[in-house]
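Here is the structure we will look at, set down as structure tokens.
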Amino acid sequence: MPRPRLAPLVAVAIAVIAFAPGAVGQSPPDGPRTVRLLTVGNSFSRDATRYLDEVAKSRGDILIHHQAAIPGGTLQQHCEKAEAHDADPEDPNGLYAGTRRSLAWELAAEPWDYITVQQASIRSHDVETYRPHAEQLVERIRRGAPGARVVVHQTWAYRVDDPRFDPSKEPAPGEPADREAMHRGLTGAYRTIARELDAPIIPVGDAFHIADSDPTWGYRPDTKFDLAAAAHPALPKQTHSLHMGRRWTKEADGTFRMAMDGHHASVAGQYLGSLVFYESLFGRPAVGCPFRPNGINAEYAQFLQETAHRAVAGLKGTEFEVKIKEKAVAAR
């Protein structure tokens, strides 16, 4: 049975407080917690929750997770898919390809605790691309799952050497010139939209920025590697890359081509995102998590856990949180 829905602004105040480390959950502090999560997103929501189930299990907790994902999907495309299903429930355009289910079906499938929304990463820096679709999508979600808390999943900036940031080219109007500009843009956009939606944030993008900015653990391009002269299977050093980065792909004619993916998360990035989701939703600190994926050594895992904790704790006391709380108090 879905929980009764609180008045929107009061619910936000509780949600913000609940996102403080160690404060969320209705079970006793030392007992197992069950979180029901629906992510409405794309490959970035898949990446950011790739290891969430393993992280939760390692702490004795239970995750029930469905995904409503469109490859590269925008907020607008999620709205359009839902509208297509409204018009004709048999229309395949109204169903998610991975599950053959509609958003309406997913909203009714479980008594969800949390439902996340996000913008496509390529548009994440531009707040105008969120409107009016973020509001329309969230209104639909709140009608279909009135007991759930809507949460904004903050996505991350691309890798510093992603082709989008080609220093030899002038960026197009409105486009970020580098990783820092993209992070500033998406942070401002997500916080603005979260205030408009009266929804808390899962700060995965902040965690990526903290980690990539670290002088010891942050990724640094291999300036000694000659990309123009590279031959298979040689690759540049990509130590601590939170993104998939460069790799060789085999073409139809049997030759190899070096591909670059500075967008999607590597194993380390997926682990970091999952830790941020875990601490945000389960309310337990990410630090000390027993689980770590293959290829992530204990020292690096500890750094990623501490980074996730810093990102979640970093929203406490910010202007964003204060304004949300002020709205809640005014509504009482």
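The way I read the labels, and the way they are meant: chains A, B, ... in the order of the structure tokens, residue 1 as the first residue of every chain, and ligand 1 as the first ligand shown, with later ones counted on from there.
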* Asked: Which residues, written as a list of chain:residue names, have at least one atom at most 12 Å from Arg220 (chain A), with only C-alpha atoms counted and residues fewer than 4 positions away on the same chain left out?
  ->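 Residues near the query, excluding close chain neighbours: A:Arg159, A:Val160, A:Asp161, A:Ala211, A:Asp212, A:Ser213, A:Asp214, A:Pro215, A:Thr216, A:Lys224, A:Pro236, A:Lys237, A:Gln238, A:Thr239, A:His240, A:Ser241, A:Leu242, A:His243, A:Gly245.
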What would the file look like if the residues just selected were written as a short mmCIF file (atom, residue, chain, number, x, y, z; two decimals), in the first residue's frame with C-alpha atoms?
data_model
loop_
_atom_site.label_atom_id
_atom_site.label_comp_id
_atom_site.auth_asym_id
_atom_site.auth_seq_id
_atom_site.Cartn_x
_atom_site.Cartn_y
_atom_site.Cartn_z
CA ARG A 159 36.57 13.50 -19.25
CA VAL A 160 39.02 16.37 -19.50
CA ASP A 161 40.37 15.10 -22.85
CA ALA A 211 37.73 12.75 -7.58
CA ASP A 212 38.99 14.12 -10.91
CA SER A 213 40.28 17.27 -9.19
CA ASP A 214 42.30 15.36 -6.60
CA PRO A 215 46.06 15.89 -7.08
CA THR A 216 46.86 12.27 -6.24
CA LYS A 224 53.81 11.43 -23.69
CA PRO A 236 47.91 5.71 -23.31
CA LYS A 237 48.00 5.48 -19.53
CA GLN A 238 44.50 6.00 -18.17
CA THR A 239 45.11 5.45 -14.48
CA HIS A 240 42.19 6.46 -12.27
CA SER A 241 39.98 7.37 -15.19
CA LEU A 242 36.35 7.54 -14.09
CA HIS A 243 35.33 7.37 -17.77
CA GLY A 245 38.29 6.44 -22.23
#
* In region 38-139 of chain A, DSSP strand (DSSP E or B) residues written as a list in words ->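 Strand (DSSP E or B) assignments inside region 38-139 of chain A correspond to Leu38, Thr39, Val40, Gly41, Ile62, Leu63, Ile64, His65, His66, Gln67, Ala68, Ala69, Tyr96, Arg101, Tyr114, Ile115, Thr116 and Val117 of chain A.
Comparing A:Trp105, A:Tyr190, A:Tyr271, A:Trp112 by their smallest distance to Asp53 (chain A), the closest is A:Tyr271 (using only C-alpha atoms).
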* Find the residues near Val151 (chain A): any atom within 9 Å, counting only C-alpha atoms, skip ones fewer than 4 places away on the same chain, and give them as an NGL selection string. => :A and (15 or 114-118 or 194 or 199-202)
* Which polymer residues have any atom within 12 Å of an atom of region 226-234 of chain A, counting only C-alpha atoms, with same-chain residues fewer than 2 positions away left out, as number ranges by chain? -> A: 221-224, 236-238, 246-250, 254-260
* Asked: Which residues come within 8 Å of Ala177 (chain A), counting only C-alpha atoms, excluding same-chain residues fewer than 4 positions away, as a ChimeraX atom specification?
  -> /A:164-165,167,170-171,181-182
Selection from above, C-alpha atoms, as an mmCIF file, in the first residue's frame, can you write it?
data_model
loop_
_atom_site.group_PDB
_atom_site.id
_atom_site.type_symbol
_atom_site.label_atom_id
_atom_site.label_comp_id
_atom_site.auth_asym_id
_atom_site.auth_seq_id
_atom_site.Cartn_x
_atom_site.Cartn_y
_atom_site.Cartn_z
ATOM 1 C CA ARG A 164 33.971 17.879 -26.984
ATOM 2 C CA PHE A 165 36.665 19.991 -25.356
ATOM 3 C CA PRO A 167 41.317 23.080 -27.428
ATOM 4 C CA GLU A 170 36.299 27.499 -30.524
ATOM 5 C CA PRO A 171 33.291 26.030 -28.688
ATOM 6 C CA ALA A 181 32.812 24.696 -17.514
ATOM 7 C CA MET A 182 30.630 21.658 -18.099
#
* Long-range neighbours of region 55-63 of chain A as a PyMOL selection string, 9 Å cut-off, only C-alpha atoms, 6 positions minimum in chain -> chain A and resi 31-37+271+274-275+278+282+284+286+289-292
Put those residues in a file: N, CA and C atoms, as a PDB file, in the first residue's frame.
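Written output follows (again_27.pdb):
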ATOM      1  N   GLY A  31      19.667  -2.225  11.828  1.00  0.00           N
ATOM      2  CA  GLY A  31      19.004  -3.302  11.109  1.00  0.00           C
ATOM      3  C   GLY A  31      19.100  -3.136   9.614  1.00  0.00           C
ATOM      4  N   PRO A  32      18.773  -4.176   8.865  1.00  0.00           N
ATOM      5  CA  PRO A  32      18.802  -4.077   7.403  1.00  0.00           C
ATOM      6  C   PRO A  32      17.734  -3.120   6.899  1.00  0.00           C
ATOM      7  N   ARG A  33      18.031  -2.485   5.801  1.00  0.00           N
ATOM      8  CA  ARG A  33      17.098  -1.554   5.196  1.00  0.00           C
ATOM      9  C   ARG A  33      16.761  -2.023   3.790  1.00  0.00           C
ATOM     10  N   THR A  34      15.528  -1.817   3.401  1.00  0.00           N
ATOM     11  CA  THR A  34      15.083  -2.115   2.043  1.00  0.00           C
ATOM     12  C   THR A  34      14.729  -0.809   1.360  1.00  0.00           C
ATOM     13  N   VAL A  35      15.298  -0.587   0.189  1.00  0.00           N
ATOM     14  CA  VAL A  35      14.990   0.602  -0.607  1.00  0.00           C
ATOM     15  C   VAL A  35      14.470   0.155  -1.957  1.00  0.00           C
ATOM     16  N   ARG A  36      13.330   0.704  -2.332  1.00  0.00           N
ATOM     17  CA  ARG A  36      12.739   0.449  -3.655  1.00  0.00           C
ATOM     18  C   ARG A  36      13.004   1.661  -4.533  1.00  0.00           C
ATOM     19  N   LEU A  37      13.714   1.442  -5.617  1.00  0.00           N
ATOM     20  CA  LEU A  37      14.205   2.527  -6.462  1.00  0.00           C
ATOM     21  C   LEU A  37      13.804   2.304  -7.911  1.00  0.00           C
ATOM     22  N   TYR A 271      31.443   2.431  -9.796  1.00  0.00           N
ATOM     23  CA  TYR A 271      31.523   2.171  -8.359  1.00  0.00           C
ATOM     24  C   TYR A 271      31.287   3.459  -7.568  1.00  0.00           C
ATOM     25  N   SER A 274      27.634   4.394  -7.650  1.00  0.00           N
ATOM     26  CA  SER A 274      26.845   3.498  -6.803  1.00  0.00           C
ATOM     27  C   SER A 274      27.013   3.833  -5.333  1.00  0.00           C
ATOM     28  N   LEU A 275      28.211   4.228  -4.938  1.00  0.00           N
ATOM     29  CA  LEU A 275      28.445   4.619  -3.550  1.00  0.00           C
ATOM     30  C   LEU A 275      27.671   5.885  -3.197  1.00  0.00           C
ATOM     31  N   TYR A 278      24.113   4.928  -2.851  1.00  0.00           N
ATOM     32  CA  TYR A 278      23.900   4.172  -1.623  1.00  0.00           C
ATOM     33  C   TYR A 278      23.815   5.094  -0.410  1.00  0.00           C
ATOM     34  N   PHE A 282      20.193   5.040   1.177  1.00  0.00           N
ATOM     35  CA  PHE A 282      20.127   4.164   2.344  1.00  0.00           C
ATOM     36  C   PHE A 282      20.495   4.892   3.631  1.00  0.00           C
ATOM     37  N   ARG A 284      23.359   5.321   4.958  1.00  0.00           N
ATOM     38  CA  ARG A 284      24.534   4.783   5.652  1.00  0.00           C
ATOM     39  C   ARG A 284      25.784   5.309   4.955  1.00  0.00           C
ATOM     40  N   ALA A 286      29.125   5.639   2.937  1.00  0.00           N
ATOM     41  CA  ALA A 286      29.784   4.804   1.939  1.00  0.00           C
ATOM     42  C   ALA A 286      31.134   4.308   2.434  1.00  0.00           C
ATOM     43  N   CYS A 289      32.559   0.424   3.084  1.00  0.00           N
ATOM     44  CA  CYS A 289      31.804  -0.575   2.315  1.00  0.00           C
ATOM     45  C   CYS A 289      32.698  -1.774   2.018  1.00  0.00           C
ATOM     46  N   PRO A 290      32.275  -2.995   2.357  1.00  0.00           N
ATOM     47  CA  PRO A 290      33.126  -4.170   2.127  1.00  0.00           C
ATOM     48  C   PRO A 290      33.283  -4.529   0.648  1.00  0.00           C
ATOM     49  N   PHE A 291      32.334  -4.151  -0.173  1.00  0.00           N
ATOM     50  CA  PHE A 291      32.380  -4.554  -1.581  1.00  0.00           C
ATOM     51  C   PHE A 291      33.225  -3.581  -2.395  1.00  0.00           C
ATOM     52  N   ARG A 292      34.035  -4.150  -3.278  1.00  0.00           N
ATOM     53  CA  ARG A 292      34.727  -3.368  -4.305  1.00  0.00           C
ATOM     54  C   ARG A 292      34.838  -4.234  -5.556  1.00  0.00           C
TER      55      ARG A 292
END
* To do: Determine which residues of region 91-287 of chain A DSSP labels as alpha helix (DSSP H) from the backbone of this structure, then write them out as a VMD selection string.
  => chain A and resid 103 to 109 133 to 144 179 to 197 204 to 213 267 to 282
